[in-house]
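A quick write-up on the structure given underneath.
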Amino acid sequence: MQHFRIHPAEMAWSIWRNRSLVSASIKREIFGRYRGSILGILWSFFNPLLMLAIYTFVFGTILKARWSIEMGSNMEFALVLFAGLITFNLFAESINRATGLIVANPNYVKRVVFPLEILPFVMVGSALFHYLIGLGIWLFTYVYFHGAPPATALYFPLVLLPLLIFTLGASWILASLGVFLRDVSQFIGIATSALMFLSPVFYPASALPEGYRLLLSLNPLTPAIEYSRDALYWGKPPDITSLGVYLAAASVFAWFGFVWFQKTRKGFADVL
């Protein structure tokens with residue numbers, strides 16, 4: 001019986017060892033999504049623009065949602081909202097697709113030499129590409145209306161790193177569970193919809209009563225969304241200690257997800 005390595009360093013080493021395959025797979029995933037459509041990859045630009053317009057109208061005009069600091073226009077509200085929304089969507093897109101990742105690629109399971117553990121990374125890489133498109137739109141809009149973004153935007157890669165690591169761990173777990181429990185994909189679709197409103201996407205964490213803030217702080221997306229918004233819009237640097245704890249916890253969780261995937265992948269072929 002083949003044994004798969006579960007050392008923490010293997011998470012990064014497997015990706016590096018198969019970097020050419022990972023890169024080619026991410027490109028194929030991105031362009032394959034729009035294959036056959038008239039506009040092709042331009043949809044990756046139009047989708048976030050449309051999403052921004054809809055949510056801004058609903059929450060900024062109809063529901064009159066506002067942060068504690070008064071904003072002068074719906075465009076300012078849109079920038080604050082969108083910074084949190086694209087961060088959430090990076091996570092949601094990855095885990096929603098992770099549940100069917102192995103099931104959709106049974107040929108890879110039958111190839112002993114294929115590194116199945118890189119497939120969740122390919123999904124996260126594809127979601128990151130679309131996230132960067134949305135971030136580019138956000139930066140262009142900010143520069144157009146306000147000029148150069150605050151210097152704290154340089155913290156942004158550090159703020160995003162723990163979320164990427166956490167998302168990768170969740171993707172490994174869900175990719176495995178999706179093989180043995182096909183209902184997982186239905187549950188995750190509902191859970192991510194609920195999680196969007198249980199995360200500080202459309203409101204700041206400070207808007208909640210004190211008792212609910214503690215529950216919100218247990219949401220692993222909360223620090224990523226809040227720190228992203230602080231760095232990009234409010235000009236506030238992240239608390240390094242809290243960010244370090246977040247990164248450490250995300251890394252432990254990712255390793256748990258990797259171990260789970262490596263331990264359970266031996267049964268994929270039997271089920272598929």
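Letters A, B, ... mark the chains of the structure tokens in the order given; residue numbers begin at 1 per chain; ligand numbers begin at 1, in order shown.
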Just want the 8 Å neighbourhood of region 95-99 of chain A, counted on only C-alpha atoms, with same-chain residues fewer than 5 positions away dropped. Output as a list in words. Pro120, Met123, Thr167, Ala170, Ser171, Trp172, Leu174, Ala175, Ser176, Leu177, Gly178, Val179, Val184, Ser185, Ile188, Gly189 and Thr192 of chain A
Writer output for current selection, C-alpha atoms, as a short mmCIF file (atom, residue, chain, number, x, y, z; two decimals), in the first residue's frame:
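selection_2.cif written:
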```
data_model
loop_
_atom_site.label_atom_id
_atom_site.label_comp_id
_atom_site.auth_asym_id
_atom_site.auth_seq_id
_atom_site.Cartn_x
_atom_site.Cartn_y
_atom_site.Cartn_z
CA PRO A 120 -7.18 22.20 -3.96
CA MET A 123 -8.79 25.87 -7.06
CA THR A 167 -8.83 28.34 2.68
CA ALA A 170 -10.63 23.86 4.26
CA SER A 171 -10.38 22.89 0.58
CA TRP A 172 -8.34 19.78 1.38
CA LEU A 174 -13.93 19.36 1.74
CA ALA A 175 -12.36 17.79 -1.35
CA SER A 176 -11.96 14.57 0.62
CA LEU A 177 -15.39 14.68 2.26
CA GLY A 178 -17.00 15.32 -1.13
CA VAL A 179 -15.86 11.88 -2.28
CA VAL A 184 -21.57 17.92 1.51
CA SER A 185 -21.75 20.08 -1.61
CA ILE A 188 -21.63 23.96 1.83
CA GLY A 189 -23.69 25.99 -0.65
CA THR A 192 -21.49 29.89 2.56
#
```
Quick one: DSSP alpha helix (DSSP H) residues in region 121-189 of chain A, as a ChimeraX atom specification? /A:121-146,156-180,184-189
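Among the candidates A:Val103, A:Ile240, A:Leu42, A:Leu164, the residue lying nearest to Arg182 (chain A) is A:Val103 (atoms considered: only C-alpha atoms).
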Find the residue from A:Pro106, A:Gly84, A:Gly125, A:Gly235 that sits nearest to Pro150 (chain A); use only C-alpha atoms when measuring. A:Gly235
I want to know what sits within 7 Å of Leu168 (chain A), based on only C-alpha atoms, with residues of the same chain fewer than 5 positions away left out; could you give that as a PyMOL selection string? chain A and resi 120-121+124+254
Tell me, as a list of chain:residue names, which residues lie within 12 Å of Leu208 (chain A), counting only C-alpha atoms; anything in the same chain fewer than 6 positions away does not count. A:Trp67, A:Ser68, A:Leu198, A:Ser199, A:Pro200, A:Phe202, A:Leu214, A:Leu215, A:Leu216, A:Ser217
May I have the residues from that selection written out with N, CA and C atoms, as a PDB file, in the first residue's frame?
```
ATOM      1  N   TRP A  67     -21.678  52.575   7.889  1.00  0.00           N
ATOM      2  CA  TRP A  67     -20.731  52.345   8.964  1.00  0.00           C
ATOM      3  C   TRP A  67     -20.916  53.434  10.016  1.00  0.00           C
ATOM      4  N   SER A  68     -20.259  53.273  11.146  1.00  0.00           N
ATOM      5  CA  SER A  68     -20.401  54.260  12.215  1.00  0.00           C
ATOM      6  C   SER A  68     -19.851  55.616  11.790  1.00  0.00           C
ATOM      7  N   LEU A 198     -23.053  36.344   8.202  1.00  0.00           N
ATOM      8  CA  LEU A 198     -22.497  36.185   9.549  1.00  0.00           C
ATOM      9  C   LEU A 198     -21.053  36.671   9.617  1.00  0.00           C
ATOM     10  N   SER A 199     -20.577  37.261   8.536  1.00  0.00           N
ATOM     11  CA  SER A 199     -19.246  37.862   8.469  1.00  0.00           C
ATOM     12  C   SER A 199     -19.410  39.373   8.297  1.00  0.00           C
ATOM     13  N   PRO A 200     -18.434  40.162   8.742  1.00  0.00           N
ATOM     14  CA  PRO A 200     -18.564  41.623   8.650  1.00  0.00           C
ATOM     15  C   PRO A 200     -18.333  42.147   7.233  1.00  0.00           C
ATOM     16  N   PHE A 202     -21.138  43.347   5.155  1.00  0.00           N
ATOM     17  CA  PHE A 202     -22.053  44.459   4.931  1.00  0.00           C
ATOM     18  C   PHE A 202     -22.156  45.384   6.136  1.00  0.00           C
ATOM     19  N   LEU A 214     -18.232  38.670  20.243  1.00  0.00           N
ATOM     20  CA  LEU A 214     -17.423  37.511  20.609  1.00  0.00           C
ATOM     21  C   LEU A 214     -17.677  36.361  19.644  1.00  0.00           C
ATOM     22  N   LEU A 215     -18.948  36.125  19.306  1.00  0.00           N
ATOM     23  CA  LEU A 215     -19.270  35.067  18.349  1.00  0.00           C
ATOM     24  C   LEU A 215     -18.687  35.389  16.974  1.00  0.00           C
ATOM     25  N   LEU A 216     -18.757  36.671  16.596  1.00  0.00           N
ATOM     26  CA  LEU A 216     -18.219  37.075  15.298  1.00  0.00           C
ATOM     27  C   LEU A 216     -16.710  36.875  15.247  1.00  0.00           C
ATOM     28  N   SER A 217     -16.052  37.077  16.390  1.00  0.00           N
ATOM     29  CA  SER A 217     -14.594  36.924  16.424  1.00  0.00           C
ATOM     30  C   SER A 217     -14.167  35.478  16.226  1.00  0.00           C
TER      31      SER A 217
END
```
Minimum-distance residue to Trp13 (chain A), chosen among A:Val159, A:Gly134, A:Pro115, A:Ile225 (using only C-alpha atoms): A:Pro115
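Residue nearest Leu116 (chain A) within the list A:Leu90, A:Ile15, A:Pro223, A:Val80: A:Ile15 [criterion: smallest interatomic distance, only C-alpha atoms].
Comparing A:Thr152, A:Phe180, A:His146, A:Lys27 by their smallest distance to Phe129 (chain A), the closest is A:Lys27 (using only C-alpha atoms).
Among the candidate residues A:Ala248, A:Val22, A:Leu85, A:Leu101, the one lying nearest to Pro162 (chain A) is A:Ala248, with distances computed using only C-alpha atoms.
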